[in-house]
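Shown next: model34.pdb, containing PDB, C-alpha atoms.
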ATOM      1  CA  MET A   1       0.000   0.000   0.000  1.00  0.00           C
ATOM      2  CA  ALA A   2       1.434   3.362  -0.973  1.00  0.00           C
ATOM      3  CA  ALA A   3       0.015   6.818  -0.482  1.00  0.00           C
ATOM      4  CA  ASP A   4       1.747  10.152  -0.650  1.00  0.00           C
ATOM      5  CA  ASP A   5      -0.813  12.037   1.423  1.00  0.00           C
ATOM      6  CA  HIS A   6      -3.984  11.537   3.438  1.00  0.00           C
ATOM      7  CA  PHE A   7      -6.263  12.022   0.452  1.00  0.00           C
ATOM      8  CA  SER A   8      -4.482   9.586  -1.830  1.00  0.00           C
ATOM      9  CA  LEU A   9      -4.381   7.043   0.999  1.00  0.00           C
ATOM     10  CA  PHE A  10      -8.172   6.960   0.740  1.00  0.00           C
ATOM     11  CA  GLY A  11      -8.390   7.556  -3.020  1.00  0.00           C
ATOM     12  CA  LEU A  12     -10.141  10.890  -2.529  1.00  0.00           C
ATOM     13  CA  PRO A  13      -9.612  14.277  -4.174  1.00  0.00           C
ATOM     14  CA  ALA A  14      -7.526  16.749  -2.173  1.00  0.00           C
ATOM     15  CA  THR A  15     -10.327  19.245  -1.600  1.00  0.00           C
ATOM     16  CA  PHE A  16     -11.744  21.066   1.380  1.00  0.00           C
ATOM     17  CA  GLU A  17     -15.308  20.106   0.507  1.00  0.00           C
ATOM     18  CA  LEU A  18     -15.256  16.380   1.064  1.00  0.00           C
ATOM     19  CA  ASP A  19     -17.988  13.757   0.897  1.00  0.00           C
ATOM     20  CA  SER A  20     -18.014  12.520   4.493  1.00  0.00           C
ATOM     21  CA  GLN A  21     -19.679   9.245   3.530  1.00  0.00           C
ATOM     22  CA  ALA A  22     -17.023   8.558   0.882  1.00  0.00           C
ATOM     23  CA  LEU A  23     -14.338   9.302   3.469  1.00  0.00           C
ATOM     24  CA  GLU A  24     -15.952   6.951   5.988  1.00  0.00           C
ATOM     25  CA  THR A  25     -16.257   4.168   3.412  1.00  0.00           C
ATOM     26  CA  ALA A  26     -12.677   4.603   2.202  1.00  0.00           C
ATOM     27  CA  TRP A  27     -11.332   4.653   5.762  1.00  0.00           C
ATOM     28  CA  ARG A  28     -13.199   1.460   6.643  1.00  0.00           C
ATOM     29  CA  ASP A  29     -11.800  -0.231   3.537  1.00  0.00           C
ATOM     30  CA  VAL A  30      -8.210   0.807   4.282  1.00  0.00           C
ATOM     31  CA  ALA A  31      -8.550   0.002   7.976  1.00  0.00           C
ATOM     32  CA  ALA A  32      -9.860  -3.471   7.165  1.00  0.00           C
ATOM     33  CA  ARG A  33      -6.942  -4.172   4.809  1.00  0.00           C
ATOM     34  CA  VAL A  34      -4.262  -3.118   7.297  1.00  0.00           C
ATOM     35  CA  HIS A  35      -5.860  -4.119  10.583  1.00  0.00           C
ATOM     36  CA  PRO A  36      -3.192  -5.754  12.788  1.00  0.00           C
ATOM     37  CA  ASP A  37      -5.461  -8.741  13.475  1.00  0.00           C
ATOM     38  CA  ARG A  38      -5.134  -9.745   9.818  1.00  0.00           C
ATOM     39  CA  PHE A  39      -1.392 -10.044  10.361  1.00  0.00           C
ATOM     40  CA  ALA A  40      -1.469 -11.988  13.640  1.00  0.00           C
ATOM     41  CA  THR A  41       0.394 -14.948  12.131  1.00  0.00           C
ATOM     42  CA  ALA A  42       2.730 -12.823   9.990  1.00  0.00           C
ATOM     43  CA  SER A  43       6.357 -12.130  10.797  1.00  0.00           C
ATOM     44  CA  ALA A  44       7.236  -9.472  13.351  1.00  0.00           C
ATOM     45  CA  PRO A  45       8.305  -6.952  10.662  1.00  0.00           C
ATOM     46  CA  GLU A  46       5.033  -7.506   8.749  1.00  0.00           C
ATOM     47  CA  ARG A  47       3.009  -7.015  11.942  1.00  0.00           C
ATOM     48  CA  ARG A  48       4.942  -3.822  12.698  1.00  0.00           C
ATOM     49  CA  VAL A  49       4.269  -2.462   9.206  1.00  0.00           C
ATOM     50  CA  ALA A  50       0.585  -3.314   9.511  1.00  0.00           C
ATOM     51  CA  MET A  51       0.408  -1.461  12.830  1.00  0.00           C
ATOM     52  CA  GLN A  52       2.131   1.552  11.272  1.00  0.00           C
ATOM     53  CA  TRP A  53      -0.326   1.585   8.348  1.00  0.00           C
ATOM     54  CA  ALA A  54      -3.279   1.228  10.697  1.00  0.00           C
ATOM     55  CA  ALA A  55      -2.030   4.139  12.811  1.00  0.00           C
ATOM     56  CA  ARG A  56      -1.446   6.221   9.684  1.00  0.00           C
ATOM     57  CA  ALA A  57      -4.932   5.456   8.354  1.00  0.00           C
ATOM     58  CA  ASN A  58      -6.521   6.385  11.687  1.00  0.00           C
ATOM     59  CA  GLU A  59      -4.586   9.653  11.907  1.00  0.00           C
ATOM     60  CA  ALA A  60      -5.422  10.547   8.301  1.00  0.00           C
ATOM     61  CA  TYR A  61      -9.090   9.827   8.938  1.00  0.00           C
ATOM     62  CA  ARG A  62      -9.071  11.906  12.140  1.00  0.00           C
ATOM     63  CA  GLN A  63      -7.615  14.883  10.288  1.00  0.00           C
ATOM     64  CA  LEU A  64      -9.779  14.655   7.196  1.00  0.00           C
ATOM     65  CA  ARG A  65     -13.119  14.212   8.954  1.00  0.00           C
ATOM     66  CA  ASP A  66     -12.677  17.451  10.938  1.00  0.00           C
ATOM     67  CA  PRO A  67     -13.147  20.477   8.631  1.00  0.00           C
ATOM     68  CA  LEU A  68     -10.728  22.697  10.560  1.00  0.00           C
ATOM     69  CA  LEU A  69      -8.011  20.050  10.662  1.00  0.00           C
ATOM     70  CA  ARG A  70      -8.644  19.273   6.980  1.00  0.00           C
ATOM     71  CA  ALA A  71      -8.223  22.947   6.045  1.00  0.00           C
ATOM     72  CA  ARG A  72      -5.068  23.157   8.123  1.00  0.00           C
ATOM     73  CA  TYR A  73      -3.691  19.989   6.481  1.00  0.00           C
ATOM     74  CA  LEU A  74      -4.441  21.317   2.974  1.00  0.00           C
ATOM     75  CA  CYS A  75      -2.759  24.653   3.705  1.00  0.00           C
ATOM     76  CA  GLU A  76       0.308  23.030   5.217  1.00  0.00           C
ATOM     77  CA  SER A  77       0.481  20.524   2.336  1.00  0.00           C
ATOM     78  CA  ALA A  78       0.497  23.495  -0.047  1.00  0.00           C
ATOM     79  CA  GLY A  79       3.520  24.898   1.778  1.00  0.00           C
ATOM     80  CA  VAL A  80       1.809  27.475   3.973  1.00  0.00           C
ATOM     81  CA  ASP A  81       3.436  27.780   7.390  1.00  0.00           C
ATOM     82  CA  LEU A  82       0.516  28.650   9.637  1.00  0.00           C
ATOM     83  CA  GLN A  83       2.809  29.831  12.440  1.00  0.00           C
ATOM     84  CA  THR A  84       0.050  29.031  14.897  1.00  0.00           C
ATOM     85  CA  GLU A  85       2.261  29.637  17.921  1.00  0.00           C
ATOM     86  CA  SER A  86       4.072  32.756  16.775  1.00  0.00           C
ATOM     87  CA  ASN A  87       1.834  34.648  14.333  1.00  0.00           C
ATOM     88  CA  THR A  88      -1.018  36.435  16.057  1.00  0.00           C
ATOM     89  CA  ALA A  89      -1.601  38.994  13.288  1.00  0.00           C
ATOM     90  CA  MET A  90      -5.228  39.065  12.183  1.00  0.00           C
ATOM     91  CA  ALA A  91      -7.447  41.301  10.121  1.00  0.00           C
ATOM     92  CA  PRO A  92      -8.627  44.379  12.047  1.00  0.00           C
ATOM     93  CA  ALA A  93     -12.297  43.437  11.566  1.00  0.00           C
ATOM     94  CA  PHE A  94     -11.646  40.003  13.067  1.00  0.00           C
ATOM     95  CA  LEU A  95      -9.775  41.552  15.990  1.00  0.00           C
ATOM     96  CA  MET A  96     -12.794  43.760  16.686  1.00  0.00           C
ATOM     97  CA  GLN A  97     -15.052  40.706  16.473  1.00  0.00           C
ATOM     98  CA  GLN A  98     -12.778  38.905  18.939  1.00  0.00           C
ATOM     99  CA  MET A  99     -13.163  41.743  21.406  1.00  0.00           C
ATOM    100  CA  GLU A 100     -16.961  41.626  21.113  1.00  0.00           C
ATOM    101  CA  TRP A 101     -16.974  37.861  21.588  1.00  0.00           C
ATOM    102  CA  ARG A 102     -14.674  38.135  24.612  1.00  0.00           C
ATOM    103  CA  GLU A 103     -17.086  40.641  26.180  1.00  0.00           C
ATOM    104  CA  LEU A 104     -19.986  38.282  25.486  1.00  0.00           C
ATOM    105  CA  LEU A 105     -18.003  35.419  27.016  1.00  0.00           C
ATOM    106  CA  ASP A 106     -17.515  37.444  30.174  1.00  0.00           C
ATOM    107  CA  GLU A 107     -21.261  38.149  30.285  1.00  0.00           C
ATOM    108  CA  ALA A 108     -22.037  34.488  29.557  1.00  0.00           C
ATOM    109  CA  ARG A 109     -20.404  33.473  32.823  1.00  0.00           C
ATOM    110  CA  HIS A 110     -23.444  34.850  34.645  1.00  0.00           C
ATOM    111  CA  ASP A 111     -26.068  35.444  31.930  1.00  0.00           C
ATOM    112  CA  GLU A 112     -27.745  32.553  30.083  1.00  0.00           C
ATOM    113  CA  GLN A 113     -28.987  34.812  27.274  1.00  0.00           C
ATOM    114  CA  ALA A 114     -25.436  36.020  26.598  1.00  0.00           C
ATOM    115  CA  ARG A 115     -24.331  32.395  26.585  1.00  0.00           C
ATOM    116  CA  ARG A 116     -26.956  31.464  23.970  1.00  0.00           C
ATOM    117  CA  THR A 117     -26.146  34.540  21.900  1.00  0.00           C
ATOM    118  CA  LEU A 118     -22.433  33.786  21.839  1.00  0.00           C
ATOM    119  CA  ASP A 119     -23.068  30.132  21.032  1.00  0.00           C
ATOM    120  CA  ALA A 120     -25.256  31.136  18.068  1.00  0.00           C
ATOM    121  CA  GLU A 121     -22.722  33.677  16.825  1.00  0.00           C
ATOM    122  CA  LEU A 122     -19.895  31.153  17.005  1.00  0.00           C
ATOM    123  CA  GLY A 123     -22.025  28.648  15.091  1.00  0.00           C
ATOM    124  CA  GLN A 124     -22.610  31.232  12.375  1.00  0.00           C
ATOM    125  CA  ALA A 125     -18.902  32.066  12.317  1.00  0.00           C
ATOM    126  CA  ARG A 126     -18.033  28.381  11.856  1.00  0.00           C
ATOM    127  CA  ALA A 127     -20.463  28.069   8.956  1.00  0.00           C
ATOM    128  CA  ALA A 128     -19.044  31.207   7.359  1.00  0.00           C
ATOM    129  CA  MET A 129     -15.506  29.866   7.785  1.00  0.00           C
ATOM    130  CA  ARG A 130     -16.473  26.638   6.037  1.00  0.00           C
ATOM    131  CA  GLN A 131     -17.880  28.555   3.064  1.00  0.00           C
ATOM    132  CA  THR A 132     -14.920  30.907   2.910  1.00  0.00           C
ATOM    133  CA  LEU A 133     -12.388  28.094   3.071  1.00  0.00           C
ATOM    134  CA  ALA A 134     -14.220  26.081   0.420  1.00  0.00           C
ATOM    135  CA  ASP A 135     -13.940  29.107  -1.852  1.00  0.00           C
ATOM    136  CA  LEU A 136     -10.320  29.939  -0.997  1.00  0.00           C
ATOM    137  CA  ILE A 137      -9.026  26.359  -1.181  1.00  0.00           C
ATOM    138  CA  ASP A 138     -11.196  24.570  -3.726  1.00  0.00           C
ATOM    139  CA  LYS A 139     -11.970  27.390  -6.146  1.00  0.00           C
ATOM    140  CA  ARG A 140      -9.267  30.047  -5.830  1.00  0.00           C
ATOM    141  CA  LYS A 141      -6.384  27.829  -4.618  1.00  0.00           C
ATOM    142  CA  ASP A 142      -5.367  30.795  -2.439  1.00  0.00           C
ATOM    143  CA  TYR A 143      -3.642  28.871   0.326  1.00  0.00           C
ATOM    144  CA  PRO A 144      -1.978  31.858   2.056  1.00  0.00           C
ATOM    145  CA  ALA A 145      -5.371  33.566   2.477  1.00  0.00           C
ATOM    146  CA  ALA A 146      -6.868  30.245   3.568  1.00  0.00           C
ATOM    147  CA  GLY A 147      -4.086  29.938   6.150  1.00  0.00           C
ATOM    148  CA  GLN A 148      -5.141  33.268   7.648  1.00  0.00           C
ATOM    149  CA  LYS A 149      -8.733  32.040   7.872  1.00  0.00           C
ATOM    150  CA  VAL A 150      -7.594  28.761   9.457  1.00  0.00           C
ATOM    151  CA  ARG A 151      -5.879  30.741  12.228  1.00  0.00           C
ATOM    152  CA  GLU A 152      -9.073  32.752  12.733  1.00  0.00           C
ATOM    153  CA  TRP A 153     -11.120  29.554  12.872  1.00  0.00           C
ATOM    154  CA  MET A 154      -8.725  28.162  15.469  1.00  0.00           C
ATOM    155  CA  PHE A 155      -9.502  31.193  17.638  1.00  0.00           C
ATOM    156  CA  ILE A 156     -13.235  30.590  17.177  1.00  0.00           C
ATOM    157  CA  GLU A 157     -12.826  26.976  18.292  1.00  0.00           C
ATOM    158  CA  LYS A 158     -10.806  27.992  21.327  1.00  0.00           C
ATOM    159  CA  LEU A 159     -13.480  30.492  22.311  1.00  0.00           C
ATOM    160  CA  ALA A 160     -16.191  27.844  21.772  1.00  0.00           C
ATOM    161  CA  GLN A 161     -14.308  25.504  24.103  1.00  0.00           C
ATOM    162  CA  GLU A 162     -14.145  28.224  26.744  1.00  0.00           C
ATOM    163  CA  LEU A 163     -17.858  28.825  26.342  1.00  0.00           C
ATOM    164  CA  ALA A 164     -18.590  25.098  26.652  1.00  0.00           C
ATOM    165  CA  SER A 165     -16.642  24.962  29.910  1.00  0.00           C
ATOM    166  CA  ILE A 166     -19.039  27.445  31.526  1.00  0.00           C
ATOM    167  CA  GLN A 167     -21.623  25.589  33.555  1.00  0.00           C
ATOM    168  CA  PRO A 168     -25.174  26.758  32.744  1.00  0.00           C
TER     169      PRO A 168
END
Please, can you express the file's structure as structure tokens?
Amino acid sequence: MAADDHFSLFGLPATFELDSQALETAWRDVAARVHPDRFATASAPERRVAMQWAARANEAYRQLRDPLLRARYLCESAGVDLQTESNTAMAPAFLMQQMEWRELLDEARHDEQARRTLDAELGQARAAMRQTLADLIDKRKDYPAAGQKVREWMFIEKLAQELASIQP
């Protein structure tokens, strides 16, 4: 079995918009072919290789089924260094939005309506990110711009996790 990247491992096109059912089916097929149990009576090196392929298939599936991780993988595969730890530069409009969301998060700690409002806004932001990334990656092939949006989406997810940790 040979595959240069996660998409080719599953025989799928390297696109942001991905048929989740096709991914699931392809993953199950690959996982069945390389499952370590099928190599129980094989030599130690063959068992080790099977385990490595199974781990690779599982990691590829984990990354491709999550839209944010898939976008990140596509950007990085196209040579975009996302600099997630060191680059905090963002568009001014997004920085203003962050400030508004942070204020809502503070309110949400003691106000259920603020909590619901922020949750709805973050859901809308996620949907908008999906549409934007589909356009930037699949249509325009503008990976640097997509990388910027991936970093913004990562912030949205972090904020959503903070919101989820607040007990209603």
Open item on the list: Using only C-alpha atoms, which protein or nucleic acid residues come within 12 Å of Gln131 in chain A? Drop anything in the same chain fewer than 2 positions from it, and give the result as a list of chain:residue names.
Closed with: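 Listing them by chain and then by number gives A:Phe16, A:Glu17, A:Pro67, A:Leu68, A:Ala71, A:Gln124, A:Ala125, A:Arg126, A:Ala127, A:Ala128, A:Met129, A:Leu133, A:Ala134, A:Asp135, A:Leu136, A:Ile137, A:Asp138, A:Lys139, A:Ala146, A:Lys149, A:Trp153.
With distances restricted to only C-alpha atoms, A:Val150 is the closest residue to Asp81 in chain A from A:Val150, A:Ala164, A:Met51, A:Ala32.
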TODO: Report as a PyMOL selection string the residues that result from applying the PyMOL selection byres ((chain A and resi 3-12) around 12) to the structure here.
DONE: chain A and resi 1-2+13-31+33-34+53-54+56-65+69-70+73-74+76-78
Open item on the list: Assuming the chain letters and numbering stay as they are in my file, what does the PyMOL selection byres ((chain A and resi 86-90) around 12) actually select? List them as a ChimeraX atom specification.
Closed with: /A:81-85,91-98,145,147-155
Task: Selected residue of minimal separation from Asp106 in chain A among A:Glu46, A:Asp142, A:Glu162, A:Asp66, counting all atoms listed in the file - done: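 Ranking A:Glu46, A:Asp142, A:Glu162, A:Asp66 by distance to Asp106 in chain A, first place goes to A:Glu162.
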TODO: Go through A:Ala120, A:Val80, A:Leu163, A:Val49 one by one, measure the shortest atom-to-atom distance of each to Glu103 in chain A using all atoms listed in the file, and give the residue with the smallest value.
DONE: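 With all atoms listed in the file as the atom set, the closest residue is A:Leu163.
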- [ ] Extract, using all atoms listed in the file, all DNA, RNA and protein residues at most 12 Å from Ile166 in chain A, discarding same-chain residues fewer than 6 positions from it, and format them as a list in words.
- [x]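 Once the nearby chain positions are removed, what remains is Leu105, Asp106, Glu107, Ala108, Arg109, His110, Asp111, Glu112, Ala114, Arg115, Arg116, Asp119, Leu159 and Ala160 of chain A.
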Please produce an output containing C-alpha atoms for each residue in the selection, written as a PDB file, in the frame of the given file.
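Listing of again_0.pdb after writing:
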ATOM      1  CA  LEU A 105     -18.003  35.419  27.016  1.00  0.00           C
ATOM      2  CA  ASP A 106     -17.515  37.444  30.174  1.00  0.00           C
ATOM      3  CA  GLU A 107     -21.261  38.149  30.285  1.00  0.00           C
ATOM      4  CA  ALA A 108     -22.037  34.488  29.557  1.00  0.00           C
ATOM      5  CA  ARG A 109     -20.404  33.473  32.823  1.00  0.00           C
ATOM      6  CA  HIS A 110     -23.444  34.850  34.645  1.00  0.00           C
ATOM      7  CA  ASP A 111     -26.068  35.444  31.930  1.00  0.00           C
ATOM      8  CA  GLU A 112     -27.745  32.553  30.083  1.00  0.00           C
ATOM      9  CA  ALA A 114     -25.436  36.020  26.598  1.00  0.00           C
ATOM     10  CA  ARG A 115     -24.331  32.395  26.585  1.00  0.00           C
ATOM     11  CA  ARG A 116     -26.956  31.464  23.970  1.00  0.00           C
ATOM     12  CA  ASP A 119     -23.068  30.132  21.032  1.00  0.00           C
ATOM     13  CA  LEU A 159     -13.480  30.492  22.311  1.00  0.00           C
ATOM     14  CA  ALA A 160     -16.191  27.844  21.772  1.00  0.00           C
TER      15      ALA A 160
END
Box for range 64-67 of chain A: with edges along x, y and z, all listed atoms inside and 8 Å added on each side, what are the centre and edge lengths in Å to one decimal, as lines of an AutoDock Vina configuration file?
center_x = -11.5
center_y = 17.3
center_z = 9.1
size_x = 19.4
size_y = 22.3
size_z = 19.7
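Note that CA of Trp101 in chain A and CA of Pro144 in chain A are 25.3 Å apart.
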Task: Selected residue of minimal separation from Tyr143 in chain A among A:Gly123, A:Arg102, A:Cys75, A:Thr41, counting all atoms listed in the file - done: A:Cys75
Open item on the list: Please report the interatomic distance between CA of Ser165 in chain A and CA of Arg72 in chain A in Å with one decimal.
Closed with: 24.7 Å
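Proximity ranking of A:Ala55, A:Phe39, A:Leu122, A:Glu100 relative to Gln161 in chain A places A:Leu122 first, based on all atoms listed in the file.
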- [ ] In Å, rounded to a single decimal, give me how far CA of Arg130 in chain A is from CA of Leu104 in chain A.
- [x]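 One can read the CA of Leu104 in chain A to CA of Arg130 in chain A distance as 22.9 Å.
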